[in-house]
Structure formats: structure tokens, C-alpha cells
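Printed here is structure-v2.cif (mmCIF, C-alpha atoms):
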data_work
loop_
_atom_site.label_atom_id
_atom_site.label_comp_id
_atom_site.auth_asym_id
_atom_site.auth_seq_id
_atom_site.Cartn_x
_atom_site.Cartn_y
_atom_site.Cartn_z
CA MET A 171 -17.15 10.09 13.95
CA THR A 172 -15.23 7.25 15.63
CA SER A 173 -13.14 5.11 13.27
CA THR A 174 -13.86 1.37 13.10
CA ILE A 175 -10.28 0.68 11.97
CA PRO A 176 -8.11 -0.90 14.70
CA ASP A 177 -5.23 1.14 16.07
CA SER A 178 -2.22 0.98 13.76
CA THR A 179 0.05 -0.14 16.62
CA THR A 180 -1.67 -3.55 16.53
CA TYR A 181 -0.31 -4.16 13.01
CA PRO A 182 3.25 -5.38 12.24
CA PRO A 183 5.75 -2.54 11.67
CA PRO A 184 7.08 -1.75 8.18
CA GLY A 185 9.65 -4.30 7.05
CA ALA A 186 8.61 -6.98 9.54
CA TYR A 187 7.05 -9.05 6.75
CA ALA A 188 7.89 -9.04 3.05
CA ALA A 189 5.04 -8.48 0.62
CA ALA A 190 6.09 -11.62 -1.28
CA THR A 191 6.11 -13.78 1.84
CA VAL A 192 2.69 -12.50 2.87
CA GLY A 193 1.38 -13.25 -0.62
CA ASP A 194 2.81 -16.78 -0.43
CA ALA A 195 1.15 -17.23 2.97
CA MET A 196 -2.19 -16.50 1.30
CA GLU A 197 -1.67 -19.04 -1.50
CA ARG A 198 -0.55 -16.19 -3.82
CA PHE A 199 -3.81 -14.29 -3.40
CA GLY A 200 -3.95 -10.65 -2.32
CA VAL A 201 -1.07 -9.37 -4.46
CA ALA A 202 -1.96 -6.11 -6.22
CA ARG A 203 -1.13 -6.29 -9.91
CA GLY A 204 0.78 -3.41 -11.47
CA VAL A 205 1.26 -1.36 -8.29
CA SER A 206 4.90 -0.60 -7.46
CA PRO A 207 6.92 1.66 -5.14
CA LEU A 208 7.80 5.03 -6.58
CA TRP A 209 11.10 5.35 -4.78
CA GLU A 210 13.77 2.86 -3.73
CA GLY A 211 13.53 1.74 -0.12
CA ALA A 212 9.85 2.52 0.34
CA VAL A 213 8.21 0.10 2.79
CA VAL A 214 4.80 0.26 4.42
CA SER A 215 2.68 -1.77 6.82
CA GLY A 216 -0.58 -0.78 8.46
CA PRO A 217 -4.35 -0.65 8.32
CA ALA A 218 -6.08 0.49 5.14
CA ALA A 219 -8.10 3.70 5.07
CA THR A 220 -9.94 3.46 1.77
CA LEU A 221 -11.04 5.90 -0.89
CA LEU A 222 -12.96 5.36 -4.12
CA THR A 223 -12.58 8.26 -6.52
CA ARG A 224 -13.48 9.24 -10.04
CA PRO A 225 -10.49 8.39 -12.26
CA GLY A 226 -8.02 11.27 -12.40
CA ASP A 227 -9.74 13.25 -9.60
CA ASN A 228 -8.18 13.85 -6.18
CA LYS A 229 -10.84 15.84 -4.33
CA GLY A 230 -11.42 12.74 -2.23
CA VAL A 231 -7.74 12.49 -1.33
CA HIS A 232 -7.92 15.85 0.40
CA ALA A 233 -11.17 14.83 2.12
CA ALA A 234 -9.51 11.63 3.34
CA PHE A 235 -6.79 13.62 5.07
CA GLU A 236 -9.43 15.35 7.17
CA GLN A 237 -10.18 12.09 8.99
CA ILE A 238 -7.27 9.68 8.46
CA ARG A 239 -5.37 8.66 11.61
CA ALA A 240 -1.64 8.39 12.22
CA GLY A 241 -0.27 5.03 11.10
CA GLU A 242 -3.01 4.32 8.57
CA VAL A 243 -2.32 3.65 4.88
CA LEU A 244 -4.41 5.63 2.40
CA VAL A 245 -5.54 3.15 -0.26
CA VAL A 246 -7.05 4.85 -3.32
CA ASP A 247 -9.07 3.12 -6.02
CA GLY A 248 -8.57 5.47 -8.96
CA GLY A 249 -9.89 3.05 -11.55
CA ALA A 250 -6.37 2.22 -12.78
CA ASP A 251 -6.34 5.56 -14.60
CA GLU A 252 -2.88 6.57 -15.81
CA THR A 253 -3.68 9.94 -17.38
CA ARG A 254 -3.78 12.16 -14.24
CA ALA A 255 -1.64 12.11 -11.10
CA LEU A 256 -3.74 11.72 -7.96
CA ILE A 257 -0.96 12.88 -5.66
CA GLY A 258 2.31 14.77 -5.77
CA GLU A 259 4.74 16.54 -3.47
CA LEU A 260 2.19 18.72 -1.65
CA VAL A 261 -0.09 15.79 -0.83
CA ALA A 262 2.91 13.79 0.40
CA GLU A 263 3.94 16.65 2.69
CA LYS A 264 0.43 16.69 4.16
CA ALA A 265 0.64 12.93 4.68
CA ARG A 266 3.97 13.26 6.46
CA ALA A 267 2.66 15.97 8.78
CA LEU A 268 -0.31 13.76 9.70
CA GLU A 269 1.98 10.71 10.17
CA VAL A 270 0.15 8.71 7.51
CA ALA A 271 2.05 5.43 7.06
CA GLY A 272 1.89 5.48 3.26
CA ILE A 273 -0.22 5.88 0.14
CA VAL A 274 -1.24 3.13 -2.29
CA LEU A 275 -2.81 4.22 -5.57
CA ASP A 276 -4.53 2.27 -8.29
CA GLY A 277 -3.71 5.25 -10.44
CA ALA A 278 -0.85 7.64 -11.12
CA ALA A 279 1.35 9.99 -9.11
CA ARG A 280 3.93 12.66 -9.92
CA ASP A 281 6.89 14.54 -8.37
CA VAL A 282 8.84 11.32 -7.85
CA VAL A 283 12.08 13.02 -6.78
CA GLU A 284 10.23 15.15 -4.24
CA LEU A 285 8.23 12.16 -2.97
CA ARG A 286 11.47 10.41 -2.11
CA GLU A 287 12.73 13.52 -0.31
CA VAL A 288 9.49 13.83 1.69
CA GLY A 289 9.87 10.18 2.65
CA VAL A 290 6.25 9.02 2.66
CA PRO A 291 6.07 5.56 1.02
CA VAL A 292 4.03 5.83 -2.19
CA PHE A 293 2.98 2.92 -4.38
CA ALA A 294 1.24 3.57 -7.69
CA ARG A 295 0.51 2.20 -11.12
CA THR A 296 2.53 4.76 -13.04
CA VAL A 297 3.94 8.30 -13.10
CA THR A 298 2.69 11.26 -15.13
CA PRO A 299 3.26 15.02 -14.95
CA ALA A 300 -0.44 15.69 -15.63
CA GLY A 301 -2.31 17.14 -12.65
CA PRO A 302 -5.67 15.89 -11.33
CA TRP A 303 -9.22 17.11 -11.57
CA LYS A 304 -10.67 18.33 -8.26
CA THR A 305 -14.44 18.05 -8.59
CA GLY A 306 -15.29 14.56 -7.31
CA PRO A 307 -17.27 12.48 -6.72
CA TYR A 308 -15.65 10.14 -4.21
CA ARG A 309 -16.51 7.68 -1.44
CA LEU A 310 -14.57 7.41 1.82
CA GLY A 311 -14.47 4.10 3.69
CA ALA A 312 -15.81 2.06 0.79
CA VAL A 313 -14.63 -1.42 -0.15
CA VAL A 314 -12.33 -0.65 -3.06
CA THR A 315 -10.21 -2.53 -5.57
CA VAL A 316 -6.48 -1.96 -6.07
CA GLY A 317 -4.59 -3.98 -8.65
CA GLY A 318 -7.49 -6.42 -8.84
CA VAL A 319 -7.56 -7.00 -5.07
CA PRO A 320 -10.51 -5.95 -2.89
CA VAL A 321 -9.55 -3.75 0.06
CA ALA A 322 -11.78 -2.94 3.04
CA PRO A 323 -11.07 -0.46 5.83
CA GLY A 324 -8.75 -2.06 8.38
CA ASP A 325 -7.27 -4.64 6.01
CA TRP A 326 -3.52 -5.11 6.42
CA VAL A 327 -1.48 -3.35 3.72
CA VAL A 328 2.09 -4.59 3.20
CA GLY A 329 4.33 -2.90 0.65
CA ASP A 330 8.01 -3.03 -0.27
CA ALA A 331 10.30 -3.19 -3.31
CA ASP A 332 8.28 -6.07 -4.78
CA GLY A 333 4.92 -4.31 -4.62
CA VAL A 334 1.83 -4.46 -2.41
CA THR A 335 -0.08 -7.30 -0.75
CA ILE A 336 -3.43 -6.94 1.01
CA VAL A 337 -4.58 -9.20 3.87
CA PRO A 338 -8.24 -9.22 4.90
CA ARG A 339 -8.60 -7.90 8.43
CA GLU A 340 -10.11 -11.13 9.77
CA ARG A 341 -7.18 -13.20 8.44
CA ILE A 342 -4.26 -11.16 9.78
CA ALA A 343 -3.31 -13.46 12.68
CA GLU A 344 -3.64 -16.57 10.50
CA VAL A 345 -1.52 -15.10 7.69
CA MET A 346 1.17 -13.85 10.06
CA SER A 347 1.48 -17.35 11.52
CA ALA A 348 1.71 -18.89 8.04
CA ALA A 349 4.29 -16.28 7.00
CA ASP A 350 6.40 -17.03 10.08
CA ALA A 351 6.38 -20.73 9.15
CA LEU A 352 7.41 -19.89 5.58
CA VAL A 353 10.33 -17.77 6.79
CA LEU A 354 11.61 -20.65 8.94
CA GLY A 355 11.27 -23.08 6.05
CA GLU A 356 13.09 -20.73 3.70
CA ALA A 357 15.94 -20.42 6.20
CA ASP A 358 16.38 -24.20 6.14
CA ARG A 359 16.28 -24.26 2.32
CA ARG A 360 18.77 -21.39 2.17
CA SER A 361 21.20 -23.29 4.39
CA ALA A 362 20.82 -26.38 2.21
CA ASN A 363 21.43 -24.33 -0.93
CA ARG A 364 24.61 -22.85 0.51
CA ALA A 365 25.88 -26.32 1.35
CA LEU A 366 25.62 -27.49 -2.28
CA VAL A 367 28.87 -28.57 -3.94
CA PRO A 368 29.50 -28.13 -7.70
CA ARG A 369 29.66 -31.31 -9.75
CA VAL A 370 33.00 -31.97 -11.44
#

How would this structure read if it were set down as C-alpha cells?
Amino acid sequence: MTSTIPDSTTYPPPGAYAAATVGDAMERFGVARGVSPLWEGAVVSGPAATLLTRPGDNKGVHAAFEQIRAGEVLVVDGGADETRALIGELVAEKARALEVAGIVLDGAARDVVELREVGVPVFARTVTPAGPWKTGPYRLGAVVTVGGVPVAPGDWVVGDADGVTIVPRERIAEVMSAADALVLGEADRRSANRALVPRV
């Protein structure tokens, strides 16, 4: 089956835009609540490949890897469940081999030290040593919710030390332009701040 998600090379590279700046460019909408990077320095940018799964069950994660393309970000709606890890070291190694850009979970993960060593950016709600169920059900390519934000296949996923922001696919060009303007404005404000003189 041919994917309807645009090629990942048409999206900005990781680190080109900060998640906070992108959120500001969307009037503070699109910021996933409670989803954070699991290792320092993790950054991600790319099109969302979505998965809806039963809380605590990762059968769908393995199914997603059978069709995900290089450069895509696996976005998993795990119902905000914190009791079972949806991914760990072995899943991250599979993601690295397939050149998946990153993994965003509205759920839990484990093997944090190993995840950092593997190097695949992972963003999740929490960490737990408890392993997942593997029976399903799941839905690939569904519109999902992560941290209270709806995510459709092909939406722009931006993640860094501050967390994750989602941009609807049809608004990417508009939001990039607004983010560029914000960056320029912040540069002017930064220069003004540095020119301040203490009162005596």
C-alpha cells in the first residue's frame, strides 16, 4: 500500500525549529501536555506515522514497523497509560535500523540508559520497568491524541528538550513562516536586553 504521508525530506530537519517557538507560532496550541524527552539532547522533526493502541499493549508498535518509512516519527496514542512500557531497547534498535526519526508516546517507556545509547529520540509520559501486553487491538494510520493534541498522519512533529509540538499538515508552511518571524523578533529583543544598564 502506498503511503499518503509526504516524503520526510520535505519537512524541516531536527533542531531547525524549537518546539517552543513552533508552539508560539500557533498561538500556544499544539503543545503536547506531559510528554517529555527520555534522554538529554533528543531532538526530532518529521511527519507523523500514527498508531492507536490499547493502553499498555505494544502489538501495534511492531505492526507499525512493518510499514513505517525512513524519516517518519512514530506517534503512539497509548491512552496516557503509565503502568506498562510500550517500548524499550529492542524496539529502539528496530527503529534505528529502519531509520525512523523518533518515537512519541502518550504512554510509558523503559530502558532509558539503553535508549540513549541506541540514539533514537524517544518522548514519553513516564518511565516504568513493567513490560507491555502484546495482544492488541490497535489501529494504524488513525487520527490519534497525544498529550491532548490531535495528530493525523503527515502532521509535523517537533520535539526537543522542552517537549513536543504538533503542527497540522495543512498549516506547516504558515507556521514555519510565523516561527521565522518570531525568531527574528526574539533576536532584536535579545539584543535590547543585553544593552540594558543596571540602575544605580

**Asked** Counting only C-alpha atoms, what is within 10 Å of A:Glu242, bar same-chain residues fewer than 5 positions away, as an NGL selection string?
**Response** :A and (175-179 or 181 or 214-220 or 268-273 or 323-324 or 326-327)

**Request:** Using only C-alpha atoms, determine which residues lie at most 8 Å from stretch 345-355 of chain A, disregarding the query and same-chain residues fewer than 6 positions distant; provide the list as a PyMOL selection string.
**Result:** chain A and resi 187+191-192+194-196+337

Prev. selection, C-alpha atoms, output as a short mmCIF file (atom, residue, chain, number, x, y, z; two decimals), in the coordinates of the input:
data_model
loop_
_atom_site.label_atom_id
_atom_site.label_comp_id
_atom_site.auth_asym_id
_atom_site.auth_seq_id
_atom_site.Cartn_x
_atom_site.Cartn_y
_atom_site.Cartn_z
CA TYR A 187 7.05 -9.05 6.75
CA THR A 191 6.11 -13.78 1.84
CA VAL A 192 2.69 -12.50 2.87
CA ASP A 194 2.81 -16.78 -0.43
CA ALA A 195 1.15 -17.23 2.97
CA MET A 196 -2.19 -16.50 1.30
CA VAL A 337 -4.58 -9.20 3.87
#

**Prompt:** For this file, the PyMOL selection byres ((chain A and resi 336) around 9) selects which residues, as a ChimeraX atom specification?
**Reply:** /A:189,192-193,199-202,218,319-321,325-329,334-335,337-338

**Interatomic distance, atom CA of A:Ala212 to atom CA of A:Ala188 (Å, one decimal)** = 12.0 Å

**Fill in**
Computed gap from atom CA of A:Lys264 to atom CA of A:Arg339 is 26.5 Å

**Request:** Tell me, in Å to one decimal, how far atom CA of A:Leu208 is from atom CA of A:Ala279.
**Result:**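 Separating atom CA of A:Leu208 from atom CA of A:Ala279 is a distance of 8.5 Å.
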
**Fill in**
One residue among A:Leu222, A:Leu260, A:Ala255, A:Leu275 is nearest to A:Ala234 when using all atoms listed in the file, and that residue is A:Leu222

**Prompt:** Between A:Leu310, A:Leu221, A:Leu256, A:Ala343, which is the closest to A:Phe293 once you count all atoms listed in the file?
**Reply:**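 Among the listed residues, A:Leu256 lies closest to A:Phe293.
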
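Once A:Asp227 and its same-chain neighbours fewer than 5 positions away are set aside, Gly248, Arg254, Leu256, Pro302, Trp303, Lys304, Thr305 and Gly306 of chain A remain within 8 Å of it when counting all atoms listed in the file.
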